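A short worksheet on the structure shown next.
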Amino acid sequence: GHHVSSQRIRFQRRNMPCRYDIDRFTPSFLSIFESLVPSQEEIAKQKQLLTSLSRIINKEWPNSKLYLYGSCANSFGFSNSDIDLCLSIDDKEMSKVDIILKLADILQAANLRNIQPLTRARVPIVKLMDPETGLSCDICVNNLLAVVNTKLLRDYAQIDRRLRQLAFIVKHWAKSRRVNETYQGTLSSYAYVIMCIHLLQLRRLLPCLQEMEATYFVTVDENNCAYFDQVDKLNNYGAHSRDTVSRLLWAFFHYWAYEHDYTKDVISIRTGRIISKERKDWTRRVGNDRHLICIEDPFEISHDLGRVVDKFTIKILREEFERAANILQFDLNPSVTLFEPYVP
Ligand code: GTP
Ligand code: MG
């Protein structure tokens with residue numbers, strides 16, 4: 001009864017063509033995108049903070065280096081977002097926690113505000129506020145994989161501007177609908193950007209940089225990170241496609257609502273393809289990893305970015321994907337309705 005009929009609906013939706021007038025909404029989606037992009041002034045302030053903190057920290061640890069990572073460096077950051085910094089330091093004597101505590105002391109002495117060392121977090125950090133620029137930031141230690149995946153995302157964004165447009169709108173939707181909260185069992189911003197890259201790879205708007213001849217190589221904790229990073233040579237790659245941001249949004253939500261096979265598929269930007277859960281041995285729960293939605297990390301390939309999703313939040317997520325897909329298909333005002341705040 002119920003099972004069969006819901007499958008029939010799914011099957012019909014799978015083949016549903018995009019509404020003919022989807023491009024009427026492109027100007028509104030683009031103006032939402034523009035309104036979220038940080039200003040040049042803000043980006044300059046972030047650089048200024050990086051420079052001044054580097055100077056303070058280098059006095060104490062001359063061989064250390066401070067990196068920007070996360071949304072303020074991967075080009076998918078909204079204006080007024082917090083700044084993620086990573087201190088790379090080679091000190092065999094000190095544990096990560098000791099480094100965090102000493103870092104907090106150094107910053108205190110340099111007159112930074114609201115300093116909070118969080119040594120028991122999964123990723124230990126120091127939080128602080130810089131009174132000069134008014135910016136808040138988190139500093140972690142030796143998390144170089146995050147610095148490298150930040151560069152990969154930024155490199156992809158340079159190939160086709162539609163990636164950034166799509167990912168900004170998807171992140172904005174996820175924040176409005178409260179499905180961008182990893183501590184509540186939904187997906188990280190990082191996972192959403194990977195999902196957008198994957199869609200554009202399937203539609204041949206983006207290449208798969210890790211399958212091309214590598215021009216950039218680093219090894220971080222036994223993970224080989226190698227890919228083609230001369231992306232200025234690829235800026236015509238997607239030019240054959242006339243997909244607009246509205247059509248891509250429709251395709252994104254349609255894919256996650258009706259096309260993705262949650263029982264069998266893993267999305268992988270490392271290969272530019274869908275791979276099988278079977279092959280990765282992600283078919284059952286292992287420890288806390290449930291693998292209910294499978295998104296392979298590009299470098300840490302044993303890592304499922306969907307591992308935080310549980311049997312309750314997978315339902316919430318899929319209902320939100322369906323809601324969004326239906327709004328893009330039928331709503332008279334999708335660029336408003338899509339972002340209506342979720343009210344519990
Ligand atoms: P905002 O929501 O705008 O703050 O986005 P964000 O890009 O800062 O996202 P997020 O807080 O999800 O992650 C910050 C950075 O940490 C990402 O850009 C990645 O570099 C890294 N990161 C986050 N989650 C993971 C993860 O599960 N695995 C790995 N390897 N890196 C991650
Ligand atoms: Mg962040």
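The way I read the labels, and the way they are meant: chains A, B, ... in the order of the structure tokens, residue 1 as the first residue of every chain, and ligand 1 as the first ligand shown, with later ones counted on from there.
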Can you build me a table of chain A residues sitting at most 6 Å from ligand 2, with the closest atom pair per residue and its distance in Å to one decimal, using only C-alpha atoms and all ligand atoms, sorted by chain and residue number, as a tab-separated table?
residue	atom	partner	partner_atom_place_in_ligand_line	distance
A:Gly70	CA	ligand 2	1 (Mg)	5.4
A:Ser71	CA	ligand 2	1 (Mg)	5.3
A:Asp82	CA	ligand 2	1 (Mg)	5.8
A:Asp84	CA	ligand 2	1 (Mg)	5.9
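Using only C-alpha atoms, the residues found no farther than 10 Å from A:Asp221, other than those of its own chain fewer than 2 positions away, are Asn143, Leu144, Leu145, Val218, Thr219, Asn223, Asn224 and Glu300 of chain A.
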Preceding selection exported with N, CA and C atoms as a PDB file, in the first residue's frame:
ATOM      1  N   ASN A 143      46.096  21.901  12.208  1.00  0.00           N
ATOM      2  CA  ASN A 143      44.985  21.264  11.513  1.00  0.00           C
ATOM      3  C   ASN A 143      45.179  21.533  10.014  1.00  0.00           C
ATOM      4  N   LEU A 144      46.305  21.006   9.479  1.00  0.00           N
ATOM      5  CA  LEU A 144      46.696  21.417   8.126  1.00  0.00           C
ATOM      6  C   LEU A 144      45.803  20.865   7.027  1.00  0.00           C
ATOM      7  N   LEU A 145      45.126  19.766   7.321  1.00  0.00           N
ATOM      8  CA  LEU A 145      44.194  19.239   6.329  1.00  0.00           C
ATOM      9  C   LEU A 145      43.102  20.269   6.003  1.00  0.00           C
ATOM     10  N   VAL A 218      50.971  17.833  -1.341  1.00  0.00           N
ATOM     11  CA  VAL A 218      51.425  17.871   0.053  1.00  0.00           C
ATOM     12  C   VAL A 218      50.965  16.583   0.724  1.00  0.00           C
ATOM     13  N   THR A 219      51.666  16.206   1.754  1.00  0.00           N
ATOM     14  CA  THR A 219      51.230  15.054   2.527  1.00  0.00           C
ATOM     15  C   THR A 219      50.930  15.554   3.926  1.00  0.00           C
ATOM     16  N   ASN A 223      47.918  11.508   4.639  1.00  0.00           N
ATOM     17  CA  ASN A 223      46.991  11.674   3.526  1.00  0.00           C
ATOM     18  C   ASN A 223      47.733  12.366   2.387  1.00  0.00           C
ATOM     19  N   ASN A 224      47.661  11.742   1.215  1.00  0.00           N
ATOM     20  CA  ASN A 224      48.278  12.352   0.051  1.00  0.00           C
ATOM     21  C   ASN A 224      47.338  13.359  -0.566  1.00  0.00           C
ATOM     22  N   GLU A 300      40.631  13.092   3.166  1.00  0.00           N
ATOM     23  CA  GLU A 300      40.542  12.082   4.225  1.00  0.00           C
ATOM     24  C   GLU A 300      39.456  11.123   3.801  1.00  0.00           C
TER      25      GLU A 300
END
Contacts of A:Asn111 at 10 Å (only C-alpha atoms; same-chain gap of 4+ positions) as a PyMOL selection string | chain A and resi 106-107+115+129-131
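Between atom CA of A:Ser176 and atom CA of A:Val343 lies a distance of 9.8 Å.
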Residue nearest A:Val336 - candidates A:Ile32, A:Ala44, A:Ile314, A:Ala110, atoms counted: only C-alpha atoms | A:Ile32
Using only C-alpha atoms and all ligand atoms, what does the table of chain A residues within 10 Å of ligand 1 look like, with each row giving the shortest atom pair and its distance in Å to one decimal, sorted by chain and ascending number, as JSON lines?
{"residue": "A:Leu68", "atom": "CA", "partner": "ligand 1", "partner_atom_place_in_ligand_line": "20 (O)", "distance": 9.7}
{"residue": "A:Tyr69", "atom": "CA", "partner": "ligand 1", "partner_atom_place_in_ligand_line": "20 (O)", "distance": 6.0}
{"residue": "A:Gly70", "atom": "CA", "partner": "ligand 1", "partner_atom_place_in_ligand_line": "18 (O)", "distance": 3.2}
{"residue": "A:Ser71", "atom": "CA", "partner": "ligand 1", "partner_atom_place_in_ligand_line": "7 (O)", "distance": 3.5}
{"residue": "A:Cys72", "atom": "CA", "partner": "ligand 1", "partner_atom_place_in_ligand_line": "8 (O)", "distance": 6.8}
{"residue": "A:Ala73", "atom": "CA", "partner": "ligand 1", "partner_atom_place_in_ligand_line": "18 (O)", "distance": 7.9}
{"residue": "A:Asn74", "atom": "CA", "partner": "ligand 1", "partner_atom_place_in_ligand_line": "18 (O)", "distance": 6.5}
{"residue": "A:Ser75", "atom": "CA", "partner": "ligand 1", "partner_atom_place_in_ligand_line": "7 (O)", "distance": 8.5}
{"residue": "A:Phe76", "atom": "CA", "partner": "ligand 1", "partner_atom_place_in_ligand_line": "7 (O)", "distance": 6.4}
{"residue": "A:Gly77", "atom": "CA", "partner": "ligand 1", "partner_atom_place_in_ligand_line": "3 (O)", "distance": 4.8}
{"residue": "A:Phe78", "atom": "CA", "partner": "ligand 1", "partner_atom_place_in_ligand_line": "3 (O)", "distance": 6.0}
{"residue": "A:Ser79", "atom": "CA", "partner": "ligand 1", "partner_atom_place_in_ligand_line": "3 (O)", "distance": 8.8}
{"residue": "A:Asn80", "atom": "CA", "partner": "ligand 1", "partner_atom_place_in_ligand_line": "3 (O)", "distance": 9.2}
{"residue": "A:Ser81", "atom": "CA", "partner": "ligand 1", "partner_atom_place_in_ligand_line": "3 (O)", "distance": 6.0}
{"residue": "A:Asp82", "atom": "CA", "partner": "ligand 1", "partner_atom_place_in_ligand_line": "4 (O)", "distance": 6.4}
{"residue": "A:Ile83", "atom": "CA", "partner": "ligand 1", "partner_atom_place_in_ligand_line": "8 (O)", "distance": 7.5}
{"residue": "A:Asp84", "atom": "CA", "partner": "ligand 1", "partner_atom_place_in_ligand_line": "8 (O)", "distance": 6.7}
{"residue": "A:Leu85", "atom": "CA", "partner": "ligand 1", "partner_atom_place_in_ligand_line": "15 (C)", "distance": 9.5}
{"residue": "A:Cys86", "atom": "CA", "partner": "ligand 1", "partner_atom_place_in_ligand_line": "16 (O)", "distance": 9.9}
{"residue": "A:Asn143", "atom": "CA", "partner": "ligand 1", "partner_atom_place_in_ligand_line": "31 (N)", "distance": 8.6}
{"residue": "A:Leu144", "atom": "CA", "partner": "ligand 1", "partner_atom_place_in_ligand_line": "20 (O)", "distance": 8.9}
{"residue": "A:Leu145", "atom": "CA", "partner": "ligand 1", "partner_atom_place_in_ligand_line": "30 (N)", "distance": 5.8}
{"residue": "A:Ala146", "atom": "CA", "partner": "ligand 1", "partner_atom_place_in_ligand_line": "20 (O)", "distance": 3.7}
{"residue": "A:Val147", "atom": "CA", "partner": "ligand 1", "partner_atom_place_in_ligand_line": "20 (O)", "distance": 5.9}
{"residue": "A:Val148", "atom": "CA", "partner": "ligand 1", "partner_atom_place_in_ligand_line": "20 (O)", "distance": 7.3}
{"residue": "A:Asn149", "atom": "CA", "partner": "ligand 1", "partner_atom_place_in_ligand_line": "20 (O)", "distance": 5.2}
{"residue": "A:Thr150", "atom": "CA", "partner": "ligand 1", "partner_atom_place_in_ligand_line": "20 (O)", "distance": 4.7}
{"residue": "A:Lys151", "atom": "CA", "partner": "ligand 1", "partner_atom_place_in_ligand_line": "20 (O)", "distance": 8.3}
{"residue": "A:Leu152", "atom": "CA", "partner": "ligand 1", "partner_atom_place_in_ligand_line": "20 (O)", "distance": 9.1}
{"residue": "A:Leu153", "atom": "CA", "partner": "ligand 1", "partner_atom_place_in_ligand_line": "18 (O)", "distance": 8.0}
{"residue": "A:Arg154", "atom": "CA", "partner": "ligand 1", "partner_atom_place_in_ligand_line": "18 (O)", "distance": 9.7}
{"residue": "A:Phe168", "atom": "CA", "partner": "ligand 1", "partner_atom_place_in_ligand_line": "3 (O)", "distance": 9.2}
{"residue": "A:Lys171", "atom": "CA", "partner": "ligand 1", "partner_atom_place_in_ligand_line": "2 (O)", "distance": 7.5}
{"residue": "A:His172", "atom": "CA", "partner": "ligand 1", "partner_atom_place_in_ligand_line": "3 (O)", "distance": 9.3}
{"residue": "A:Ala174", "atom": "CA", "partner": "ligand 1", "partner_atom_place_in_ligand_line": "2 (O)", "distance": 9.6}
{"residue": "A:Lys175", "atom": "CA", "partner": "ligand 1", "partner_atom_place_in_ligand_line": "2 (O)", "distance": 8.2}
{"residue": "A:Asn180", "atom": "CA", "partner": "ligand 1", "partner_atom_place_in_ligand_line": "2 (O)", "distance": 7.5}
{"residue": "A:Glu181", "atom": "CA", "partner": "ligand 1", "partner_atom_place_in_ligand_line": "2 (O)", "distance": 8.9}
{"residue": "A:Thr182", "atom": "CA", "partner": "ligand 1", "partner_atom_place_in_ligand_line": "12 (O)", "distance": 8.3}
{"residue": "A:Leu187", "atom": "CA", "partner": "ligand 1", "partner_atom_place_in_ligand_line": "12 (O)", "distance": 8.0}
{"residue": "A:Ser188", "atom": "CA", "partner": "ligand 1", "partner_atom_place_in_ligand_line": "12 (O)", "distance": 4.2}
{"residue": "A:Ser189", "atom": "CA", "partner": "ligand 1", "partner_atom_place_in_ligand_line": "12 (O)", "distance": 4.1}
{"residue": "A:Tyr190", "atom": "CA", "partner": "ligand 1", "partner_atom_place_in_ligand_line": "12 (O)", "distance": 4.3}
{"residue": "A:Ala191", "atom": "CA", "partner": "ligand 1", "partner_atom_place_in_ligand_line": "12 (O)", "distance": 6.9}
{"residue": "A:Tyr192", "atom": "CA", "partner": "ligand 1", "partner_atom_place_in_ligand_line": "12 (O)", "distance": 8.5}
{"residue": "A:Val193", "atom": "CA", "partner": "ligand 1", "partner_atom_place_in_ligand_line": "7 (O)", "distance": 8.2}
{"residue": "A:Ile295", "atom": "CA", "partner": "ligand 1", "partner_atom_place_in_ligand_line": "27 (O)", "distance": 9.9}
{"residue": "A:Glu296", "atom": "CA", "partner": "ligand 1", "partner_atom_place_in_ligand_line": "28 (N)", "distance": 9.6}
{"residue": "A:Asp297", "atom": "CA", "partner": "ligand 1", "partner_atom_place_in_ligand_line": "30 (N)", "distance": 6.6}
{"residue": "A:Pro298", "atom": "CA", "partner": "ligand 1", "partner_atom_place_in_ligand_line": "30 (N)", "distance": 8.2}
{"residue": "A:Phe299", "atom": "CA", "partner": "ligand 1", "partner_atom_place_in_ligand_line": "30 (N)", "distance": 7.4}
{"residue": "A:Glu300", "atom": "CA", "partner": "ligand 1", "partner_atom_place_in_ligand_line": "30 (N)", "distance": 6.3}
{"residue": "A:Ile301", "atom": "CA", "partner": "ligand 1", "partner_atom_place_in_ligand_line": "30 (N)", "distance": 9.4}
{"residue": "A:His303", "atom": "CA", "partner": "ligand 1", "partner_atom_place_in_ligand_line": "28 (N)", "distance": 7.3}
{"residue": "A:Asp304", "atom": "CA", "partner": "ligand 1", "partner_atom_place_in_ligand_line": "27 (O)", "distance": 7.6}
{"residue": "A:Leu305", "atom": "CA", "partner": "ligand 1", "partner_atom_place_in_ligand_line": "27 (O)", "distance": 5.2}
{"residue": "A:Gly306", "atom": "CA", "partner": "ligand 1", "partner_atom_place_in_ligand_line": "27 (O)", "distance": 8.5}
{"residue": "A:Arg307", "atom": "CA", "partner": "ligand 1", "partner_atom_place_in_ligand_line": "27 (O)", "distance": 8.8}
{"residue": "A:Val308", "atom": "CA", "partner": "ligand 1", "partner_atom_place_in_ligand_line": "27 (O)", "distance": 9.2}
Counting only C-alpha atoms, which residues in stretch 147-218 of chain A sit no more than 10 Å from stretch 240-244 of chain A? For each one, give the nearest pair of atoms and the distance in Å, sorted by chain then residue number, as JSON lines.
{"residue": "A:Arg162", "atom": "CA", "partner": "A:Thr244", "partner_atom": "CA", "distance": 7.4}
{"residue": "A:Gln165", "atom": "CA", "partner": "A:Thr244", "partner_atom": "CA", "distance": 9.5}
{"residue": "A:Leu166", "atom": "CA", "partner": "A:Thr244", "partner_atom": "CA", "distance": 9.2}
{"residue": "A:Arg203", "atom": "CA", "partner": "A:Ser241", "partner_atom": "CA", "distance": 8.6}
{"residue": "A:Arg204", "atom": "CA", "partner": "A:Ser241", "partner_atom": "CA", "distance": 8.0}
{"residue": "A:Leu205", "atom": "CA", "partner": "A:Ser241", "partner_atom": "CA", "distance": 6.8}
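Picture a line from atom CA of A:Val309 to atom CA of A:Val245; it runs 27.4 Å.
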Find the residue from A:Trp250, A:Tyr258, A:Tyr67, A:Phe312 that sits nearest to A:Phe330; use only C-alpha atoms when measuring.
-> A:Trp250
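If only C-alpha atoms are the atoms counted, then among A:Ile159, A:Gln46, A:Thr119, A:Arg285 the closest residue to A:Asp232 is A:Ile159.
Taking the backbone of this structure through DSSP, the residues of stretch 93-264 of chain A that come out as strand (DSSP E) are Arg113, Asn114, Ile115, Gln116, Pro117, Leu118, Ile125, Val126, Lys127, Leu128, Met129, Ser136, Cys137, Asp138, Ile139, Cys140, Val141, Tyr216, Phe217, Val218, Thr219, Val220, Asn223, Asn224, Cys225, Ala226 and Tyr227 of chain A.
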